[in-house]
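The next block holds one structure in the form of structure tokens; read it before the comments.
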Amino acid sequence: MLEAARSLADAAVADRRTIHRRPELAYQERETAALVASRLRQIGIPVRTGVAGTGVIGLIEGGRPGRTVLLRADMDALPIQEESDLAYASATPGVMHACGHDAHTAILLAVSRLLAERRDEIPGNVKLMFQPAEEGGAGALRMIEEGVLEDPAVDAAFMLHVSHQHAVGTVATAPGPILAGANSFTITIDGRGGHASRPHQAVDPVVAAAQVVTALQTLVSREAPPTEAAVLTLGRLSSGTAANVIPDRAELQGTIRAYHDGLMREMERRLEEIASGVARALRAEARVDVHMRYPPTVNDPAMAELLAGAARAELGPGAVLEAEPEMAAEDFSFVLQRVPGAMLRLGVRSPGWPEPRPVHTARFELDEAALPIGIAVMARVALEFLGGSG
Ligand SMILES: [Zn+2]
Ligand SMILES: [Zn+2]
């Protein structure tokens with residue numbers, strides 16, 4: 001399969017660069033979705049567009065009846081200003097494919113071509129899921145609600161994600177939990193504004209916010225069991241307009257991550273209690289809103305083994321590593337709650353880079369030599385699941 005994948009590498013790289021140059025934020029992936037739909041139609045794959053807004057579903061029906069395997073790519077970019085002088089750097093100010101979803105989309109398009117060319121020999125179906133809004137918008141969940149796992153019903157699901165922790169040429173997976181569950185929340189602290197010189201007549205939300213930040217540090221250090229992975233980060237704190245004005249309101253935003261749903265819920269409950277209790281002690285009022293909650297990403301052991309086996313067959317046993325659990329999150333977890341499947345980490349770190357170029361930063365970059373590797377492994381695992389590889 002790797003040889004066939006290499007023959008598609010140039011086209012995949014070109015698609016990836018086209019998408020990279022025109023990044024689109026969550027639920028705005030109109031040009032990307034149009035490119036995906038037109039590529040699929042060109043190779044004779046029927047498509048359904050406008051799923052969950054901008055999602056695209058393709059269906060490759062094999063020549064013989066059988067099971068249905070789903071392969072998934074995400075299409076959205078991030079609100080980051082790219083810092084690079086690449087010829088195909090983002091042409092949209094403030095938006096960047098800094099999580100490799102451009103590569104995921106290009107890889108799945110090439111896989112679609114590879115499998116469509118072999119459709120007569122395939123028992124069963126390959127469903128192609130190009131989703132919007134992985135970055136916090138739960139696009140996968142919305143596509144599930146709009147029927148991506150039905151008609152025909154999906155029996156197994158696979159996806160890959162680029163990994164800057166792994167060298168190009170290697171991939172990684174593991175049975176069981178592979179990514180954490182995550183939420184995102186806002187804490188709004190209402191006080192009462194006033195003149196900086198008369199704090200006794202005001203209720204200072206800045207002081208309350210500072211105490212809430214400190215108190216919340218005990219959630220992980222004193223309340224979560226030390227043997228369980230958990231993290232709380234407050235990534236945003238904002239309040240006020242001037243040095244000599246006590247503002248009315250302060251706002252904090254953050255995220256809690258853990259591997260167990262029970263612990264996530266308990267931490268959310270205590271987040272609310274601590275924030276409102278501390279604020280009340282300082283005569284202010286805190287309100288907590290949880291906007292988003294992704295479950296942990298849990299690989300089915302048998303599907304993870306099938307995926308690792310497909311990777312070993314393509315790349316040799318030395319290139320397939322055991323993935324370490326990470327506290328990042330993925331909305332593919334919603335798919336894995338409903339059907340067995342597994343996630344692959346695709347190594348994209350170039351040996352020539354003196355320092356890492358991690359995802360979610362303006363310096364992110366991936367070694368495009370990884371593309372044919374991802375194509376080959378995804379195509380092979382789909383064929384092996386359906387029992388059609390020879
Ligand atoms: Zn991301
Ligand atoms: Zn991502």
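Ordering of the structure tokens sets the chain letters (A, B, ...); residue numbers start at 1 within each chain; ligands are numbered from 1 in the order shown.
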Test item: residues at most 12 Å from Leu219 of chain A, only C-alpha atoms, excluding those fewer than 2 positions along its chain, as JSON, numbers by chain: {"A": [212, 213, 214, 215, 216, 217, 221, 222, 223, 224, 225, 226, 230, 231, 232, 233, 256, 257, 263, 264, 266, 267, 268, 269, 270, 271, 272, 273, 274, 275]}
Within 10 Å of Ala140 of chain A using only C-alpha atoms, minus same-chain residues under 5 positions, as a VMD selection string: chain A and resid 52 55 72 to 74 129 to 134 145 to 146 148 330 to 335
Requested write-out: C-alpha atoms of the selected residues, as an mmCIF file, in the first residue's frame:
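Wrote it out as again35.cif, contents follow:
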```
data_model
loop_
_atom_site.group_PDB
_atom_site.id
_atom_site.type_symbol
_atom_site.label_atom_id
_atom_site.label_comp_id
_atom_site.auth_asym_id
_atom_site.auth_seq_id
_atom_site.Cartn_x
_atom_site.Cartn_y
_atom_site.Cartn_z
ATOM 1 C CA ALA A 52 -23.493 19.755 10.763
ATOM 2 C CA GLY A 55 -19.341 18.593 7.115
ATOM 3 C CA ARG A 72 -12.470 10.545 9.762
ATOM 4 C CA ALA A 73 -10.647 13.804 9.083
ATOM 5 C CA ASP A 74 -11.211 17.223 10.647
ATOM 6 C CA MET A 129 -16.235 11.662 7.454
ATOM 7 C CA PHE A 130 -14.871 15.167 6.891
ATOM 8 C CA GLN A 131 -15.979 17.092 9.936
ATOM 9 C CA PRO A 132 -16.118 20.733 10.943
ATOM 10 C CA ALA A 133 -15.152 22.230 14.284
ATOM 11 C CA GLU A 134 -12.910 19.760 16.073
ATOM 12 C CA GLU A 145 -26.624 13.735 15.592
ATOM 13 C CA GLU A 146 -27.123 14.247 11.858
ATOM 14 C CA VAL A 148 -22.994 9.978 10.146
ATOM 15 C CA GLU A 330 -10.295 15.023 20.643
ATOM 16 C CA ASP A 331 -13.951 15.052 19.688
ATOM 17 C CA PHE A 332 -13.443 11.720 17.875
ATOM 18 C CA SER A 333 -14.072 10.497 21.436
ATOM 19 C CA PHE A 334 -17.797 10.941 20.740
ATOM 20 C CA VAL A 335 -17.493 8.460 17.850
#
```
Those in segment 173-268 of chain A with helix (DSSP H, G or I) from DSSP, as a VMD selection string: chain A and resid 199 to 201 205 to 223 261 to 268
Selection within 7 Å of ligand 1 by only C-alpha atoms and all ligand atoms, output as number ranges by chain: A: 99, 135, 359-360
Atomic distance atom CA of Thr54 of chain A - atom CA of Gly374 of chain A, expressed in Å with one decimal: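 Value for the atom CA of Thr54 of chain A-atom CA of Gly374 of chain A distance: 23.9 Å.
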Residues within 9 Å of Ala91 of chain A, only C-alpha atoms, excluding chain neighbours under 3 positions, as a PyMOL selection string: chain A and resi 20-23+88+95-96
For segment 153-163 of chain A, work out the shell of residues within 6 Å, counting only C-alpha atoms and skipping chain neighbours fewer than 5 positions away, then give it as a PDB file with C-alpha atoms, in the first residue's frame.
```
ATOM      1  CA  THR A  68     -18.875  -0.582   7.147  1.00  0.00           C
ATOM      2  CA  VAL A  69     -15.729   1.140   8.350  1.00  0.00           C
ATOM      3  CA  LEU A  70     -15.556   4.901   8.950  1.00  0.00           C
ATOM      4  CA  LEU A  71     -12.435   7.005   8.412  1.00  0.00           C
ATOM      5  CA  ARG A  72     -12.470  10.545   9.762  1.00  0.00           C
ATOM      6  CA  VAL A 339     -18.534   2.349  17.880  1.00  0.00           C
ATOM      7  CA  PRO A 340     -15.236   0.512  18.460  1.00  0.00           C
ATOM      8  CA  GLY A 341     -12.267   2.138  16.831  1.00  0.00           C
ATOM      9  CA  ALA A 342      -8.856   3.639  17.370  1.00  0.00           C
ATOM     10  CA  MET A 343      -6.729   6.720  16.855  1.00  0.00           C
ATOM     11  CA  LEU A 344      -3.240   6.778  15.340  1.00  0.00           C
ATOM     12  CA  ARG A 345      -0.557   9.374  16.076  1.00  0.00           C
ATOM     13  CA  LEU A 346       1.318  10.210  12.890  1.00  0.00           C
ATOM     14  CA  GLY A 347       4.884  11.384  13.491  1.00  0.00           C
ATOM     15  CA  VAL A 348       5.582  14.700  11.689  1.00  0.00           C
TER      16      VAL A 348
END
```
Residue neighbourhood Gly176 of chain A, 8 Å, only C-alpha atoms, exclusion window fewer than 6 positions, as an MDAnalysis selection string: chainID A and resid 298:301
Which of segment 64-234 of chain A fall in strand (DSSP E or B), as a ChimeraX atom specification: /A:64-74,78,96,123-131,156-167,171-173,176-179,181-190,192,194-195,203,230-234
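The smallest atom-to-atom distance between ligand 2 and any of A:Ala37, A:Asn183, A:Asp190, A:Pro358, using only C-alpha atoms and all ligand atoms, is found for A:Pro358.
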Shell around Thr361 of chain A at 10 Å using only C-alpha atoms, local window under 2 positions removed, as a PyMOL selection string: chain A and resi 78+80-83+96-99+357-359+363-365
Atom-to-atom span, atom CA of Pro199 of chain A and atom CA of Ser276 of chain A, Å: 20.8 Å
Between atom CA of Arg16 of chain A and atom CA of Pro356 of chain A - distance in Å to one decimal: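 Separation between atom CA of Pro356 of chain A and atom CA of Arg16 of chain A: 20.8 Å.
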Option closest in space to ligand 2, from A:Leu315, A:Ala138, A:Leu383, A:Ala110 [counting only C-alpha atoms and all ligand atoms]: A:Ala138
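Between ligand 2 and the candidates A:Arg41, A:His164, A:Arg192, A:Arg48, the tightest atom-to-atom separation, counting only C-alpha atoms and all ligand atoms, involves A:His164.
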Option closest in space to Ala328 of chain A, from A:Val51, A:Ala103, A:Val207, A:Ala258 [counting only C-alpha atoms]: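 Among A:Val51, A:Ala103, A:Val207, A:Ala258, it is A:Ala258 that comes nearest to Ala328 of chain A.
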Shell around Pro46 of chain A at 7 Å using only C-alpha atoms, local window under 2 positions removed, as a ChimeraX atom specification: /A:41,44,58-59
Counting only C-alpha atoms, the residue of A:Arg17, A:Gly240, A:Val206, A:Tyr294 that sits nearest Ile107 of chain A: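 The shortest atom-to-atom distance to Ile107 of chain A comes from A:Arg17.
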